[in-house]
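*Asks:* Below is one structure. I have some questions about it.
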Amino acid sequence: MMITDFSELEHRDEKRSTGLRQAINTLWRHQIVWLGDHGSHLAYQSLTDARHKGLLDKFFDIAGCDLHINSVQQWVAIFPDCNNAEGISWPKLPLHTTIALLVLAVLHHEKMEAGEFDERGVVCTTFNECMERYEDIVDQNGTAKLQAKRFEEALQDLVKRHAIKVGDYSSELEDYEILIRPVLTHLTGEGALQKLQQYTDSRESAEERKQTYDTEILPIGEEETDVREASQ
C-alpha cells in the first residue's frame with residue numbers, strides 16, 4: 001500500500017514526489033529538521049504538508065519510528081518507537097556523546113526554568129558553562145572526568161543531528177556559544193540529571209574504547225554502522 005501511495009504521488013506530481021523523497025532522506029540522515037538551518041526550508045515544507053501525513057506515518061511506522069512535528073517551534077524529528085521495536089536495531093550513542101547530550105539537556109531545563117529562552121524554546125549557553133556544569137556533577141560523585149576534547153567531539157555529533165548550533169570560537173573570550181534546541185530534550189527521556197549522574201559513575205578510561213546507549217537515548221538514521229557494538 002505504501003509503495004502504491006508513492007507511485008501514485010509520483011504519477012500525479014513528479015516534482016512533489018521528488019521533494020518528498022529528498023525530505024525523507026534528509027530527516028533519516030540527520031534525525032532532526034530544524035527550520036532555519038541551511039537547506040531546511042524545502043524539507044520542512046514537504047514533511048509538514050498535510051497531504052503527505054498518511055504516507056509519512058506509514059513509512060516511519062514500518063521503520064520502527066515515531067514522526068514528531070512541532071509547528072510552534074518549527075521542527076520535525078524521528079524517534080524510536082519503543083512499542084514497535086521487535087527485530088529493529090538502531091544506531092547507538094558513544095559514551096561521551098551520551099554524557100554531552102545529558103549535560104545539555106540539564107542546562108536546557110535549568111535555563112527554561114529561569115526564563116532564559118527565546119520564542120522557539122532555544123536556550124543559549126557556552127562551552128565553558130557546559131564543562132563547568134558537568135564537572136560540578138562529576139565532583140559531587142567523585143568520578144573520573146570526561147576530557148574537554150571528547151566533549152567537543154560529542155558536540156559535533158549533536159551539531160550534525162541539528163539538535164544544537166555552535167557559534168564561532170572567540171579567542172578573546174576563549175569560549176564559544178552553544179544554542180540548545182528544545183528538540184534535544186526529546187532525545188533524553190525523563191530524568192536527564194539522574195541519567196547523567198549514572199553515566200558519570202562509569203570509568204571513562206575503561207569505557208573510551210566502547211560504545212554505550214540507553215533505551216531512551218537512541219538517535220536514528222546515522223550513516224555510521226560501527227556504533228552498533230555496544231555495552232552498558
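Quick note on naming: the chains in the C-alpha cells go A, B, ... in the order shown, residues restart at 1 in each chain, and ligands are numbered from 1 in order of appearance.
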Please report, as a Markdown table, each residue of segment 75-115 of chain A lying at most 7 Å from segment 120-144 of chain A, together with the nearest pair of atoms and the separation in Å rounded to one decimal; use only C-alpha atoms, and order rows by chain and ascending residue number.
*Replies:*
| residue | atom | partner | partner_atom | distance |
| --- | --- | --- | --- | --- |
| A:Val103 | CA | A:Tyr134 | CA | 6.2 |
| A:His108 | CA | A:Val123 | CA | 6.2 |
| A:Lys111 | CA | A:Val123 | CA | 6.7 |
*Asks:* Do you know which residues are at most 10 Å from segment 21-29 of chain A counting only C-alpha atoms, after dropping those on the same chain fewer than 5 positions away, and could you put them as a PDB file with N, CA, C and O atoms, in the first residue's frame?
*Replies:*
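File produced: out.pdb:
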ATOM      1  N   PHE A   6       3.323   5.981  -2.953  1.00  0.00           N
ATOM      2  CA  PHE A   6       4.448   6.699  -3.548  1.00  0.00           C
ATOM      3  C   PHE A   6       4.313   6.740  -5.069  1.00  0.00           C
ATOM      4  O   PHE A   6       4.561   7.774  -5.711  1.00  0.00           O
ATOM      5  N   ARG A  16       6.635  17.081  -6.741  1.00  0.00           N
ATOM      6  CA  ARG A  16       6.311  16.961  -5.312  1.00  0.00           C
ATOM      7  C   ARG A  16       6.819  15.630  -4.758  1.00  0.00           C
ATOM      8  O   ARG A  16       7.281  15.562  -3.620  1.00  0.00           O
ATOM      9  N   TRP A  34      15.377  21.258  11.373  1.00  0.00           N
ATOM     10  CA  TRP A  34      15.086  22.492  12.116  1.00  0.00           C
ATOM     11  C   TRP A  34      14.964  23.625  11.116  1.00  0.00           C
ATOM     12  O   TRP A  34      15.925  23.962  10.421  1.00  0.00           O
ATOM     13  N   GLY A  39      19.346  25.023   3.930  1.00  0.00           N
ATOM     14  CA  GLY A  39      18.722  23.985   3.115  1.00  0.00           C
ATOM     15  C   GLY A  39      17.548  23.270   3.769  1.00  0.00           C
ATOM     16  O   GLY A  39      17.087  22.247   3.266  1.00  0.00           O
ATOM     17  N   SER A  40      17.034  23.808   4.862  1.00  0.00           N
ATOM     18  CA  SER A  40      15.976  23.115   5.600  1.00  0.00           C
ATOM     19  C   SER A  40      14.566  23.465   5.117  1.00  0.00           C
ATOM     20  O   SER A  40      13.616  22.727   5.399  1.00  0.00           O
ATOM     21  N   HIS A  41      14.418  24.570   4.425  1.00  0.00           N
ATOM     22  CA  HIS A  41      13.076  25.079   4.127  1.00  0.00           C
ATOM     23  C   HIS A  41      12.240  24.079   3.318  1.00  0.00           C
ATOM     24  O   HIS A  41      11.092  23.771   3.692  1.00  0.00           O
ATOM     25  N   LEU A  42      12.786  23.587   2.231  1.00  0.00           N
ATOM     26  CA  LEU A  42      12.021  22.688   1.365  1.00  0.00           C
ATOM     27  C   LEU A  42      11.710  21.367   2.069  1.00  0.00           C
ATOM     28  O   LEU A  42      10.604  20.830   1.931  1.00  0.00           O
ATOM     29  N   ALA A  43      12.670  20.858   2.834  1.00  0.00           N
ATOM     30  CA  ALA A  43      12.446  19.605   3.562  1.00  0.00           C
ATOM     31  C   ALA A  43      11.351  19.795   4.606  1.00  0.00           C
ATOM     32  O   ALA A  43      10.443  18.955   4.726  1.00  0.00           O
ATOM     33  N   TYR A  44      11.416  20.877   5.351  1.00  0.00           N
ATOM     34  CA  TYR A  44      10.408  21.145   6.380  1.00  0.00           C
ATOM     35  C   TYR A  44       9.035  21.318   5.737  1.00  0.00           C
ATOM     36  O   TYR A  44       8.027  20.780   6.231  1.00  0.00           O
ATOM     37  N   GLN A  45       8.978  22.046   4.655  1.00  0.00           N
ATOM     38  CA  GLN A  45       7.720  22.296   3.957  1.00  0.00           C
ATOM     39  C   GLN A  45       7.088  20.993   3.477  1.00  0.00           C
ATOM     40  O   GLN A  45       5.879  20.773   3.624  1.00  0.00           O
ATOM     41  N   SER A  46       7.900  20.110   2.942  1.00  0.00           N
ATOM     42  CA  SER A  46       7.400  18.833   2.430  1.00  0.00           C
ATOM     43  C   SER A  46       6.954  17.906   3.554  1.00  0.00           C
ATOM     44  O   SER A  46       5.918  17.249   3.478  1.00  0.00           O
ATOM     45  N   LEU A  47       7.732  17.852   4.640  1.00  0.00           N
ATOM     46  CA  LEU A  47       7.430  16.957   5.760  1.00  0.00           C
ATOM     47  C   LEU A  47       6.201  17.401   6.545  1.00  0.00           C
ATOM     48  O   LEU A  47       5.548  16.589   7.213  1.00  0.00           O
ATOM     49  N   LEU A  56       3.715   9.508   5.204  1.00  0.00           N
ATOM     50  CA  LEU A  56       4.874   9.600   6.105  1.00  0.00           C
ATOM     51  C   LEU A  56       4.673   8.751   7.356  1.00  0.00           C
ATOM     52  O   LEU A  56       5.606   8.083   7.815  1.00  0.00           O
ATOM     53  N   PHE A  59       5.337   5.185   6.402  1.00  0.00           N
ATOM     54  CA  PHE A  59       6.751   4.941   6.124  1.00  0.00           C
ATOM     55  C   PHE A  59       7.552   4.777   7.413  1.00  0.00           C
ATOM     56  O   PHE A  59       8.287   3.809   7.591  1.00  0.00           O
ATOM     57  N   PHE A  60       7.412   5.728   8.325  1.00  0.00           N
ATOM     58  CA  PHE A  60       8.215   5.685   9.544  1.00  0.00           C
ATOM     59  C   PHE A  60       7.709   4.634  10.529  1.00  0.00           C
ATOM     60  O   PHE A  60       8.484   4.110  11.334  1.00  0.00           O
ATOM     61  N   LEU A  67       7.160   9.744  14.085  1.00  0.00           N
ATOM     62  CA  LEU A  67       7.399  11.033  13.447  1.00  0.00           C
ATOM     63  C   LEU A  67       6.766  12.118  14.310  1.00  0.00           C
ATOM     64  O   LEU A  67       5.588  12.050  14.628  1.00  0.00           O
ATOM     65  N   VAL A  76      10.928  19.095  12.824  1.00  0.00           N
ATOM     66  CA  VAL A  76      10.418  17.745  12.567  1.00  0.00           C
ATOM     67  C   VAL A  76      11.506  16.780  12.996  1.00  0.00           C
ATOM     68  O   VAL A  76      12.700  17.022  12.752  1.00  0.00           O
ATOM     69  N   ALA A  77      11.130  15.683  13.648  1.00  0.00           N
ATOM     70  CA  ALA A  77      12.136  14.721  14.103  1.00  0.00           C
ATOM     71  C   ALA A  77      11.551  13.322  14.121  1.00  0.00           C
ATOM     72  O   ALA A  77      10.327  13.132  14.133  1.00  0.00           O
ATOM     73  N   ILE A  78      12.419  12.341  14.096  1.00  0.00           N
ATOM     74  CA  ILE A  78      12.018  10.941  14.249  1.00  0.00           C
ATOM     75  C   ILE A  78      12.715  10.366  15.476  1.00  0.00           C
ATOM     76  O   ILE A  78      13.882  10.636  15.738  1.00  0.00           O
ATOM     77  N   LYS A 160      25.628  17.718  13.913  1.00  0.00           N
ATOM     78  CA  LYS A 160      25.240  17.002  12.695  1.00  0.00           C
ATOM     79  C   LYS A 160      23.782  16.550  12.747  1.00  0.00           C
ATOM     80  O   LYS A 160      23.116  16.455  11.724  1.00  0.00           O
ATOM     81  N   ARG A 161      23.307  16.276  13.937  1.00  0.00           N
ATOM     82  CA  ARG A 161      21.913  15.864  14.108  1.00  0.00           C
ATOM     83  C   ARG A 161      20.962  17.063  14.157  1.00  0.00           C
ATOM     84  O   ARG A 161      19.751  16.894  14.227  1.00  0.00           O
ATOM     85  N   ILE A 220      18.285   8.020  15.522  1.00  0.00           N
ATOM     86  CA  ILE A 220      18.046   7.168  14.374  1.00  0.00           C
ATOM     87  C   ILE A 220      18.613   7.810  13.131  1.00  0.00           C
ATOM     88  O   ILE A 220      18.691   9.006  13.020  1.00  0.00           O
ATOM     89  N   GLY A 221      18.971   6.970  12.154  1.00  0.00           N
ATOM     90  CA  GLY A 221      19.284   7.460  10.832  1.00  0.00           C
ATOM     91  C   GLY A 221      20.714   7.859  10.604  1.00  0.00           C
ATOM     92  O   GLY A 221      21.039   8.427   9.582  1.00  0.00           O
ATOM     93  N   GLU A 222      21.617   7.564  11.538  1.00  0.00           N
ATOM     94  CA  GLU A 222      23.018   7.876  11.329  1.00  0.00           C
ATOM     95  C   GLU A 222      23.609   6.952  10.270  1.00  0.00           C
ATOM     96  O   GLU A 222      23.222   5.801  10.139  1.00  0.00           O
ATOM     97  N   GLU A 223      24.586   7.457   9.535  1.00  0.00           N
ATOM     98  CA  GLU A 223      25.191   6.668   8.487  1.00  0.00           C
ATOM     99  C   GLU A 223      26.227   5.690   9.016  1.00  0.00           C
ATOM    100  O   GLU A 223      26.555   4.704   8.391  1.00  0.00           O
TER     101      GLU A 223
END
*Asks:* Counting only C-alpha atoms, which of A:Ser7, A:Gln156, A:Ser171, A:Thr48 gets nearest to His96 of chain A?
*Replies:*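 Counting only C-alpha atoms, the residue closest to His96 of chain A is A:Gln156.
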*Asks:* Which residues in segment 19-228 of chain A does DSSP call strand (DSSP E)? List them as a list of chain:residue names.
*Replies:*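 Filtering segment 19-228 of chain A down to strand (DSSP E) leaves A:Ile32, A:Val33, A:Trp34, A:Cys65, A:Asp66, A:Leu67, A:His68, A:Ile69, A:Asn70, A:Trp75, A:Val76, A:Ala77, A:Ile78, A:Phe79, A:Pro80, A:Val123, A:Cys124, A:Thr125, A:Thr126, A:Ile164, A:Lys165, A:Val166, A:Glu177, A:Ile178, A:Leu179, A:Ile180.
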*Asks:* Going by DSSP on the backbone, which bits of segment 47-166 of chain A are helix (DSSP H, G or I)? Write them as number ranges by chain, please.
*Replies:* A: 47, 50-62, 82-84, 95-113, 127-141, 148-160
*Asks:* With distances taken over only C-alpha atoms, which residue among A:Thr188, A:Gln74, A:Gln31, A:Gln194 lies nearest His162 of chain A?
*Replies:*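 For His162 of chain A, the nearest of the candidates is A:Gln31.
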*Asks:* Would you list the contacts of Pro182 of chain A as a list in words, taking every protein, DNA or RNA residue within 10 Å and counting only C-alpha atoms, but skipping same-chain residues closer than 3 positions in sequence?
*Replies:*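 Using only C-alpha atoms, the neighbours found are Gln73, Trp75, Ala105, His108, His109, Met112, Phe117, Arg120, Gly121, Val122, Val123, Ala163, Ile164, Leu179, Thr185, His186 and Leu187 of chain A.
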*Asks:* Restricting it to all heavy atoms, dump the selection as a tab-separated table (two decimals), in the first residue's frame.
*Replies:*
chain	number	residue	atom	x	y	z
A	73	GLN	N	7.50	25.37	17.42
A	73	GLN	CA	8.95	25.54	17.45
A	73	GLN	C	9.58	25.28	16.08
A	73	GLN	O	10.76	25.50	15.90
A	73	GLN	CB	9.54	24.59	18.49
A	73	GLN	CG	9.08	24.91	19.90
A	73	GLN	CD	9.51	23.87	20.91
A	73	GLN	OE1	9.95	22.76	20.57
A	73	GLN	NE2	9.40	24.20	22.19
A	75	TRP	N	10.06	22.38	13.99
A	75	TRP	CA	11.00	21.30	13.75
A	75	TRP	C	10.24	20.00	13.50
A	75	TRP	O	9.09	19.85	13.88
A	75	TRP	CB	12.00	21.12	14.89
A	75	TRP	CG	11.43	20.92	16.28
A	75	TRP	CD1	11.27	21.87	17.24
A	75	TRP	CD2	10.95	19.69	16.87
A	75	TRP	NE1	10.73	21.33	18.39
A	75	TRP	CE2	10.53	19.99	18.18
A	75	TRP	CE3	10.86	18.38	16.41
A	75	TRP	CZ2	10.01	19.02	19.05
A	75	TRP	CZ3	10.34	17.41	17.26
A	75	TRP	CH2	9.93	17.73	18.57
A	105	ALA	N	20.91	18.71	28.08
A	105	ALA	CA	19.50	18.61	28.48
A	105	ALA	C	19.28	19.21	29.86
A	105	ALA	O	18.27	19.88	30.11
A	105	ALA	CB	19.07	17.14	28.46
A	108	HIS	N	19.47	22.98	29.48
A	108	HIS	CA	18.26	23.49	28.83
A	108	HIS	C	17.11	23.57	29.82
A	108	HIS	O	16.40	24.58	29.89
A	108	HIS	CB	17.87	22.58	27.66
A	108	HIS	CG	16.73	23.13	26.84
A	108	HIS	ND1	15.42	22.93	27.17
A	108	HIS	CD2	16.72	23.90	25.72
A	108	HIS	CE1	14.64	23.53	26.29
A	108	HIS	NE2	15.40	24.14	25.41
A	109	HIS	N	16.95	22.54	30.63
A	109	HIS	CA	15.89	22.53	31.63
A	109	HIS	C	16.08	23.66	32.65
A	109	HIS	O	15.13	24.38	32.98
A	109	HIS	CB	15.86	21.19	32.35
A	109	HIS	CG	14.89	21.14	33.50
A	109	HIS	ND1	13.52	21.05	33.33
A	109	HIS	CD2	15.10	21.20	34.85
A	109	HIS	CE1	12.94	21.05	34.51
A	109	HIS	NE2	13.86	21.13	35.44
A	112	MET	N	15.38	27.06	31.03
A	112	MET	CA	13.96	27.22	30.78
A	112	MET	C	13.24	27.59	32.08
A	112	MET	O	12.37	28.45	32.10
A	112	MET	CB	13.38	25.93	30.21
A	112	MET	CG	13.77	25.65	28.76
A	112	MET	SD	12.97	26.75	27.56
A	112	MET	CE	11.29	26.13	27.61
A	117	PHE	N	15.07	31.78	27.59
A	117	PHE	CA	14.87	31.10	26.32
A	117	PHE	C	14.19	32.04	25.33
A	117	PHE	O	13.57	33.04	25.73
A	117	PHE	CB	14.02	29.84	26.51
A	117	PHE	CG	12.67	30.09	27.14
A	117	PHE	CD1	11.55	30.33	26.35
A	117	PHE	CD2	12.53	30.09	28.53
A	117	PHE	CE1	10.31	30.56	26.92
A	117	PHE	CE2	11.28	30.33	29.11
A	117	PHE	CZ	10.17	30.56	28.31
A	120	ARG	N	11.28	30.22	20.36
A	120	ARG	CA	11.21	28.83	19.87
A	120	ARG	C	11.74	27.84	20.91
A	120	ARG	O	11.93	26.67	20.60
A	120	ARG	CB	11.98	28.69	18.55
A	120	ARG	CG	11.35	29.45	17.40
A	120	ARG	CD	12.16	29.33	16.12
A	120	ARG	NE	12.13	27.99	15.57
A	120	ARG	CZ	12.79	27.63	14.47
A	120	ARG	NH1	13.54	28.52	13.82
A	120	ARG	NH2	12.73	26.39	14.01
A	121	GLY	N	11.97	28.31	22.13
A	121	GLY	CA	12.42	27.41	23.18
A	121	GLY	C	13.91	27.12	23.14
A	121	GLY	O	14.38	26.17	23.78
A	122	VAL	N	14.67	27.92	22.41
A	122	VAL	CA	16.12	27.74	22.32
A	122	VAL	C	16.78	28.48	23.48
A	122	VAL	O	16.43	29.62	23.77
A	122	VAL	CB	16.67	28.29	20.99
A	122	VAL	CG1	18.19	28.17	20.93
A	122	VAL	CG2	16.03	27.55	19.82
A	123	VAL	N	17.74	27.84	24.12
A	123	VAL	CA	18.49	28.50	25.19
A	123	VAL	C	19.95	28.62	24.77
A	123	VAL	O	20.46	27.81	24.01
A	123	VAL	CB	18.39	27.74	26.54
A	123	VAL	CG1	16.94	27.50	26.92
A	123	VAL	CG2	19.13	26.43	26.49
A	163	ALA	N	20.56	19.06	16.60
A	163	ALA	CA	20.00	19.23	17.94
A	163	ALA	C	20.53	20.49	18.61
A	163	ALA	O	19.89	21.03	19.51
A	163	ALA	CB	20.33	18.01	18.80
A	164	ILE	N	21.70	20.96	18.18
A	164	ILE	CA	22.30	22.19	18.70
A	164	ILE	C	22.94	22.96	17.56
A	164	ILE	O	23.13	22.42	16.46
A	164	ILE	CB	23.38	21.91	19.79
A	164	ILE	CG1	24.56	21.15	19.17
A	164	ILE	CG2	22.79	21.15	20.96
A	164	ILE	CD1	25.75	20.99	20.11
A	179	LEU	N	23.86	27.01	21.13
A	179	LEU	CA	22.41	27.17	21.17
A	179	LEU	C	21.78	25.78	21.29
A	179	LEU	O	21.93	24.95	20.41
A	179	LEU	CB	21.90	27.88	19.92
A	179	LEU	CG	22.44	29.30	19.69
A	179	LEU	CD1	21.89	29.87	18.39
A	179	LEU	CD2	22.10	30.21	20.87
A	185	THR	N	15.84	17.76	24.09
A	185	THR	CA	15.33	17.16	25.32
A	185	THR	C	14.49	15.92	25.02
A	185	THR	O	14.31	15.07	25.90
A	185	THR	CB	14.49	18.17	26.12
A	185	THR	OG1	13.34	18.56	25.36
A	185	THR	CG2	15.32	19.40	26.44
A	186	HIS	N	13.98	15.80	23.81
A	186	HIS	CA	13.19	14.62	23.44
A	186	HIS	C	14.08	13.40	23.23
A	186	HIS	O	13.59	12.27	23.16
A	186	HIS	CB	12.39	14.90	22.17
A	186	HIS	CG	11.30	15.90	22.35
A	186	HIS	ND1	9.99	15.55	22.58
A	186	HIS	CD2	11.33	17.26	22.35
A	186	HIS	CE1	9.25	16.65	22.70
A	186	HIS	NE2	10.05	17.69	22.57
A	187	LEU	N	15.39	13.62	23.12
A	187	LEU	CA	16.33	12.51	22.93
A	187	LEU	C	16.73	11.87	24.26
A	187	LEU	O	17.32	10.78	24.27
A	187	LEU	CB	17.60	13.00	22.22
A	187	LEU	CG	17.43	13.62	20.84
A	187	LEU	CD1	18.78	14.15	20.35
A	187	LEU	CD2	16.87	12.60	19.86
*Asks:* Distance table requested - segment 31-68 of chain A against segment 90-94 of chain A, cut-off 12 Å, only C-alpha atoms: one row per qualifying residue with the closest atom pair and its distance in Å to one decimal, ordered by chain and rising residue number, as a tab-separated table.
*Replies:*
residue	atom	partner	partner_atom	distance
A:Gln31	CA	A:Pro91	CA	11.6
A:Ala63	CA	A:Trp90	CA	10.2
A:Gly64	CA	A:Trp90	CA	9.4
A:Cys65	CA	A:Trp90	CA	10.1
*Asks:* I'd like the interatomic distance between atom CA of Thr98 of chain A and atom CA of Asp157 of chain A, to a tenth of an Å.
*Replies:*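 Distance between the two atoms: 10.4 Å.
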*Asks:* Identify, on the basis of only C-alpha atoms, every residue whose closest approach to Leu155 of chain A does not exceed 9 Å; exclude the query and any residue fewer than 5 positions from it along the same chain; express the result as a list in words.
*Replies:*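 The residues satisfying every condition are Thr97, Ala100, Leu101, Arg150, Lys160, Ile164 and Val166 of chain A.
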*Asks:* From the options A:Leu9, A:Val159, A:Leu102, A:Leu55, which residue's atoms come nearest to Lys195 of chain A, counting only C-alpha atoms?
*Replies:*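 For Lys195 of chain A, the nearest of the candidates is A:Leu102.
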*Asks:* Go through A:Gln147, A:Val106, A:Asp61, A:Asn70 one by one, measure the shortest atom-to-atom distance of each to Asn83 of chain A using only C-alpha atoms, and give the residue with the smallest value.
*Replies:* A:Asp61
*Asks:* With only C-alpha atoms as the basis for distance, which of A:Thr18, A:His38, A:Phe79, A:Ile180 is at the shortest distance from Leu107 of chain A?
*Replies:*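 The answer is A:Ile180, which sits nearest to Leu107 of chain A.
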